[in-house]
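With mmCIF, C-alpha atoms inside, this is my_file_7.cif:
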```cif
data_structure
#
loop_
_atom_site.label_atom_id
_atom_site.label_comp_id
_atom_site.auth_asym_id
_atom_site.auth_seq_id
_atom_site.Cartn_x
_atom_site.Cartn_y
_atom_site.Cartn_z
CA ASP I 1 49.54 145.15 99.10
CA LYS I 2 52.98 145.73 100.64
CA VAL I 3 55.96 144.99 98.42
CA GLY I 4 57.86 141.99 99.78
CA LYS I 5 55.19 141.01 102.31
CA ARG I 6 53.90 137.47 101.83
CA VAL I 7 50.58 137.85 103.68
CA LYS I 8 48.57 140.77 102.30
CA HIS I 9 46.11 142.89 104.30
CA THR I 10 42.57 143.17 102.90
CA VAL I 11 40.14 145.81 104.15
CA ASN I 12 36.41 145.10 104.15
CA PHE I 13 33.40 146.16 106.22
CA ARG I 14 31.33 142.96 106.17
CA HIS I 15 30.69 142.86 109.92
CA ALA I 16 29.71 146.56 110.05
CA MET I 17 27.59 146.92 106.90
CA THR I 18 25.04 144.60 105.32
CA THR I 19 25.85 144.07 101.64
CA ASN I 20 23.57 145.04 98.73
CA THR I 21 21.07 146.75 101.02
CA VAL I 22 20.19 150.44 101.30
CA LEU I 23 21.40 151.50 104.74
CA GLY I 24 20.94 154.49 107.00
CA TRP I 25 23.50 155.51 109.60
CA ASP I 26 21.70 153.77 112.44
CA ASP I 27 21.81 150.49 110.48
CA LEU I 28 25.58 150.26 110.78
CA GLY I 29 27.32 147.88 113.14
CA ARG I 30 30.59 148.56 114.92
CA PHE I 31 33.76 149.16 112.96
CA GLY I 32 36.97 147.50 114.07
CA LEU I 33 39.67 149.29 116.06
CA ALA I 34 41.51 150.63 113.01
CA GLU I 35 38.76 150.36 110.38
CA TYR I 36 37.30 153.34 108.59
CA ILE I 37 35.79 153.96 105.16
CA LEU I 38 38.75 154.88 102.95
CA MET I 39 38.52 157.36 100.11
CA HIS I 40 39.56 154.47 97.86
CA ALA I 41 36.45 152.51 98.86
CA LEU I 42 34.04 155.41 98.57
CA ILE I 43 31.86 156.84 95.79
CA TYR I 44 29.66 159.84 96.63
CA ARG I 45 26.73 161.20 94.70
CA THR I 46 28.26 164.42 93.35
CA GLN I 47 25.57 166.67 94.83
CA VAL I 48 26.41 165.40 98.32
CA VAL I 49 29.96 166.72 97.94
CA ARG I 50 28.68 170.04 96.58
CA ASP I 51 26.17 170.44 99.41
CA SER I 52 28.87 169.76 102.02
CA GLY I 53 30.89 172.76 100.82
CA MET I 54 34.09 170.72 101.14
CA GLN I 55 37.24 172.51 100.02
CA LEU I 56 40.45 170.56 100.34
CA PRO I 57 43.57 172.48 101.39
CA GLU I 58 45.99 172.94 98.50
CA HIS I 59 49.54 171.56 98.38
CA THR I 60 48.69 169.15 101.21
CA PHE I 61 49.01 165.39 101.43
CA TYR I 62 46.61 163.13 103.36
CA VAL I 63 43.51 165.12 102.34
CA ASP I 64 41.85 161.76 101.63
CA PHE I 65 40.99 161.79 105.36
CA ILE I 66 38.95 164.97 104.83
CA TYR I 67 37.34 163.68 101.63
CA ALA I 68 36.16 160.53 103.40
CA TYR I 69 34.87 162.48 106.41
CA GLN I 70 33.50 165.99 105.92
CA PRO I 71 30.60 165.18 103.52
CA PHE I 72 29.15 162.39 105.69
CA PRO I 73 26.55 164.53 107.53
CA TRP I 74 25.00 165.14 104.09
CA VAL I 75 24.86 161.40 103.36
CA LYS I 76 21.42 159.98 104.19
CA THR I 77 21.61 156.51 102.69
CA MET I 78 24.41 154.23 101.49
CA LEU I 79 24.91 150.90 99.75
CA TYR I 80 27.81 148.57 100.54
CA LEU I 81 29.15 146.56 97.60
CA ASP I 82 31.52 143.86 98.83
CA MET I 83 34.01 144.10 95.98
CA PRO I 84 37.51 145.57 95.57
CA PHE I 85 37.28 149.08 94.09
CA TYR I 86 40.98 149.75 94.56
CA HIS I 87 44.22 147.80 94.87
CA TYR I 88 46.86 149.85 96.67
CA PHE I 89 50.58 149.06 96.59
CA ILE I 90 52.79 150.29 99.45
CA GLY I 91 56.38 149.79 100.55
CA ARG I 92 57.94 151.60 97.59
CA GLU I 93 60.57 154.28 98.12
CA GLY I 94 59.29 157.84 98.52
CA GLN I 95 55.58 157.06 98.91
CA SER I 96 53.58 159.54 100.96
CA VAL I 97 52.60 156.80 103.45
CA GLN I 98 56.18 155.75 104.16
CA THR I 99 57.03 156.20 107.85
CA ASP I 100 59.90 158.66 107.41
CA VAL I 101 57.91 160.69 104.86
CA MET I 102 54.91 160.93 107.20
CA ILE I 103 57.18 162.12 110.01
CA GLN I 104 58.52 164.87 107.73
CA ARG I 105 54.97 165.90 106.78
CA VAL I 106 53.43 165.61 110.22
CA ASN I 107 52.35 169.27 110.15
CA GLN I 108 50.14 168.39 107.19
CA LEU I 109 48.56 165.62 109.26
CA ARG I 110 47.89 168.20 111.99
CA LEU I 111 46.21 170.51 109.46
CA VAL I 112 44.03 167.64 108.27
CA ASN I 113 43.14 166.88 111.90
CA GLN I 114 42.07 170.49 112.47
CA ARG I 115 39.80 170.37 109.42
CA MET I 116 38.25 167.12 110.60
CA VAL I 117 37.58 168.53 114.07
CA GLU I 118 35.87 171.55 112.47
CA ALA I 119 33.71 169.20 110.37
CA THR I 120 32.57 167.03 113.30
CA PRO I 121 28.92 167.61 114.27
CA GLU I 122 27.86 167.99 117.87
CA PRO I 123 26.12 164.96 119.46
CA GLY I 124 22.36 165.06 119.03
CA THR I 125 22.50 167.08 115.79
CA VAL I 126 22.92 164.03 113.51
CA PRO I 127 21.87 160.36 113.70
CA ASP I 128 23.57 158.49 116.53
CA GLY I 129 25.15 156.03 114.09
CA LEU I 130 26.73 158.85 112.12
CA TYR I 131 28.08 160.60 115.20
CA ARG I 132 29.45 157.33 116.57
CA TYR I 133 31.23 156.59 113.27
CA MET I 134 32.68 160.12 112.93
CA ILE I 135 34.05 159.99 116.49
CA HIS I 136 35.56 156.60 115.68
CA PHE I 137 37.24 157.99 112.55
CA LEU I 138 38.38 161.21 114.26
CA ALA I 139 39.96 159.16 117.04
CA ILE I 140 41.86 157.12 114.42
CA GLU I 141 43.20 160.17 112.57
CA SER I 142 44.09 161.92 115.84
CA SER I 143 45.94 158.79 116.95
CA VAL I 144 47.77 158.46 113.61
CA THR I 145 48.96 162.07 113.85
CA SER I 146 49.99 161.53 117.48
CA VAL I 147 52.01 158.44 116.56
CA PHE I 148 54.09 160.29 113.98
CA LEU I 149 54.64 163.25 116.30
CA ILE I 150 56.02 160.76 118.83
CA LEU I 151 58.05 158.80 116.25
CA SER I 152 59.83 162.04 115.32
CA LYS I 153 61.59 162.02 118.74
CA ASN I 154 61.36 165.80 118.68
CA LYS I 155 60.49 167.47 122.01
CA GLU I 156 58.62 170.27 120.22
CA ASN I 157 56.47 167.66 118.48
CA TYR I 158 55.65 166.08 121.85
CA GLN I 159 54.18 169.45 122.85
CA LEU I 160 52.33 169.67 119.54
CA LYS I 161 50.78 166.27 120.24
CA ASP I 162 49.45 167.50 123.59
CA GLN I 163 48.22 170.66 121.86
CA LEU I 164 46.38 168.60 119.24
CA TRP I 165 44.27 166.91 121.92
CA ALA I 166 43.79 170.17 123.82
CA ASP I 167 42.52 171.80 120.60
CA ILE I 168 39.89 169.07 120.20
CA ASP I 169 38.72 169.68 123.78
CA ALA I 170 38.63 173.44 123.16
CA ALA I 171 36.64 173.06 119.92
CA SER I 172 33.97 170.98 121.66
CA PRO I 173 34.08 169.52 125.18
CA ALA I 174 31.56 166.84 124.16
CA ILE I 175 33.52 165.76 121.07
CA GLY I 176 36.80 165.89 123.01
CA ARG I 177 35.34 163.70 125.74
CA ASP I 178 33.99 161.13 123.29
CA VAL I 179 37.19 160.97 121.22
CA ARG I 180 39.35 160.55 124.32
CA ARG I 181 37.18 157.64 125.52
CA LYS I 182 38.28 155.48 122.59
CA VAL I 183 40.79 152.75 123.42
CA MET I 184 43.24 153.98 120.77
CA SER I 185 43.04 157.55 122.07
CA ARG I 186 43.75 156.44 125.63
CA ALA I 187 46.74 154.40 124.44
CA LEU I 188 48.17 157.37 122.52
CA ASN I 189 48.00 159.60 125.57
CA LEU I 190 50.26 157.54 127.79
CA ARG I 191 52.44 159.98 129.73
CA GLY I 192 56.19 160.50 129.85
CA SER I 193 59.16 158.87 128.16
CA VAL I 194 57.98 155.36 129.10
CA GLY I 195 54.61 156.04 127.49
CA ARG I 196 56.29 157.30 124.30
CA TRP I 197 58.56 154.23 124.23
CA LEU I 198 55.55 151.91 124.52
CA ILE I 199 53.78 153.79 121.72
CA ARG I 200 56.82 153.48 119.43
CA ARG I 201 57.16 149.77 120.16
CA GLY I 202 53.46 149.23 119.57
CA TYR I 203 53.67 151.02 116.24
CA TYR I 204 56.62 148.97 114.98
CA ILE I 205 54.98 145.69 116.04
CA ALA I 206 51.68 146.65 114.37
CA GLU I 207 53.51 147.75 111.23
CA LYS I 208 55.25 144.38 110.96
CA VAL I 209 51.99 142.47 111.46
CA VAL I 210 49.75 144.53 109.18
CA GLY I 211 52.28 146.27 106.93
CA PHE I 212 50.44 149.58 106.56
CA ASN I 213 53.46 151.78 105.66
#
```

Would you kindly transcribe this structure into structure tokens?
Amino acid sequence: DKVGKRVKHTVNFRHAMTTNTVLGWDDLGRFGLAEYILMHALIYRTQVVRDSGMQLPEHTFYVDFIYAYQPFPWVKTMLYLDMPFYHYFIGREGQSVQTDVMIQRVNQLRLVNQRMVEATPEPGTVPDGLYRYMIHFLAIESSVTSVFLILSKNKENYQLKDQLWADIDAASPAIGRDVRRKVMSRALNLRGSVGRWLIRRGYYIAEKVVGFN
């Protein structure tokens, strides 16, 4: 719910998850281009979190990405309730999701990305539906981090963006290949100053339409 925006953006997963039915990972449909299961829409059984060994980095923003990602290989079944668990207000001064604030804290986004890469299972070691979803989510977070590195207009950050993608490839060639295949990933790896200009324009247009910052 963005302050001052007349049309509000509602997140749901109706086309990807059957409601009120116990689901396994291979029962899931396809999530939309920028859809992922937010921390705010997620309730774990406590033992799942314990078994995952998740430890969130201290003094770091954006760890909700890790919380909504790392424990998933320990999740065997899930139930989708089509109801609003959380009503989030954005567009207020100083919020952590404000564009200029995210640019300032982009190194924290990079740290979160590294943790997510480390938590991604190799293909064939988990159900196909789980691997497909985690690659989808990792591609989104990698693209978000890349956008803010580009929005900074800092040449050093352009190099850090390239390093981010190289680090994914180095961690696992298979995961790197599958993440790079995503449409969003390909768009965020457009080369040169023209590519960066197109990415910035795309971000500002999307922000005006959806109002996510």

Give me, as number ranges by chain, all polymer residues having an atom no more than 12 Å from region 26-33 of chain I, counting only C-alpha atoms and skipping those fewer than 4 positions away in the same chain. I: 11-19, 21-22, 37, 76-80, 126-137, 139-141, 143, 182-185

Atoms kept (C-alpha atoms) for selection, written as a compact mmCIF listing (two decimals), in the frame of the given file:
```
# COMPACT_ATOMS: atom_id res chain seq x y z
CA VAL I 11 40.14 145.81 104.15
CA ASN I 12 36.41 145.10 104.15
CA PHE I 13 33.40 146.16 106.22
CA ARG I 14 31.33 142.96 106.17
CA HIS I 15 30.69 142.86 109.92
CA ALA I 16 29.71 146.56 110.05
CA MET I 17 27.59 146.92 106.90
CA THR I 18 25.04 144.60 105.32
CA THR I 19 25.85 144.07 101.64
CA THR I 21 21.07 146.75 101.02
CA VAL I 22 20.19 150.44 101.30
CA ILE I 37 35.79 153.96 105.16
CA LYS I 76 21.42 159.98 104.19
CA THR I 77 21.61 156.51 102.69
CA MET I 78 24.41 154.23 101.49
CA LEU I 79 24.91 150.90 99.75
CA TYR I 80 27.81 148.57 100.54
CA VAL I 126 22.92 164.03 113.51
CA PRO I 127 21.87 160.36 113.70
CA ASP I 128 23.57 158.49 116.53
CA GLY I 129 25.15 156.03 114.09
CA LEU I 130 26.73 158.85 112.12
CA TYR I 131 28.08 160.60 115.20
CA ARG I 132 29.45 157.33 116.57
CA TYR I 133 31.23 156.59 113.27
CA MET I 134 32.68 160.12 112.93
CA ILE I 135 34.05 159.99 116.49
CA HIS I 136 35.56 156.60 115.68
CA PHE I 137 37.24 157.99 112.55
CA ALA I 139 39.96 159.16 117.04
CA ILE I 140 41.86 157.12 114.42
CA GLU I 141 43.20 160.17 112.57
CA SER I 143 45.94 158.79 116.95
CA LYS I 182 38.28 155.48 122.59
CA VAL I 183 40.79 152.75 123.42
CA MET I 184 43.24 153.98 120.77
CA SER I 185 43.04 157.55 122.07
```

Considering only C-alpha atoms, can you say which of I:Lys155, I:Arg201, I:Arg191, I:Lys2 comes closest to Gln98 (chain I)? I:Lys2

With only C-alpha atoms as the atoms that count, which of I:Val7, I:Leu160, I:Ala119, I:Val75 lies nearest to Leu138 (chain I)?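 The closest residue to Leu138 (chain I) is I:Ala119.
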
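If you look at CA of Met116 (chain I) and CA of Leu198 (chain I), they are 26.9 Å away from each other.
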
Would you please work out which residue, of I:Pro71, I:Gly195, I:Gly176, I:Pro121, is nearest to Gln47 (chain I) when using only C-alpha atoms? I:Pro71

Exercise on region 121-132 of chain I, axis-aligned box with 8 Å per side, report centre and edge lengths in Å to one decimal, as JSON:
```
{"center_x": 25.7, "center_y": 162.0, "center_z": 115.8, "size_x": 23.6, "size_y": 28.0, "size_z": 23.3}
```

On this file, the PyMOL selection byres ((chain I and resi 1) around 9) gives some set of residues; write that set as a list in words. Lys2, Val3, Gly4, Lys5, Val7, Lys8, His9, Thr10, His87, Tyr88, Phe89, Ile90, Gly91, Gly211 and Phe212 of chain I

In Å, rounded to a single decimal, give me how far CA of Arg200 (chain I) is from CA of Ala187 (chain I). 11.3 Å

Computed interatomic separation between CA of Arg186 (chain I) and CA of His40 (chain I) (Å):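 Pair CA of Arg186 (chain I) / CA of His40 (chain I) returns 28.2 Å.
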
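The residues returned by the PyMOL selection byres ((chain I and resi 157) around 12) for this structure are Ile103, Gln104, Arg105, Val106, Asn107, Arg110, Thr145, Ser146, Val147, Phe148, Leu149, Ile150, Leu151, Ser152, Lys153, Asn154, Lys155, Glu156, Tyr158, Gln159, Leu160, Lys161, Asp162, Gln163, Leu164 and Arg196 of chain I.
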
Under the rule that only C-alpha atoms are counted, which of I:Ala174, I:Leu188, I:Tyr86, I:Tyr62 is the nearest residue to Tyr203 (chain I)? I:Leu188

Looking at only C-alpha atoms, which of I:Phe85, I:Ile168, I:Met39, I:Gln108 is the one that sits closest to His59 (chain I)?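 Looking at the shortest contact to His59 (chain I), the residue is I:Gln108.
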
Between I:Ile43, I:Leu38, I:Val49, I:Leu56, which has the minimum distance to Ala68 (chain I) (counting all atoms listed in the file)?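 Closest candidate: I:Leu38.
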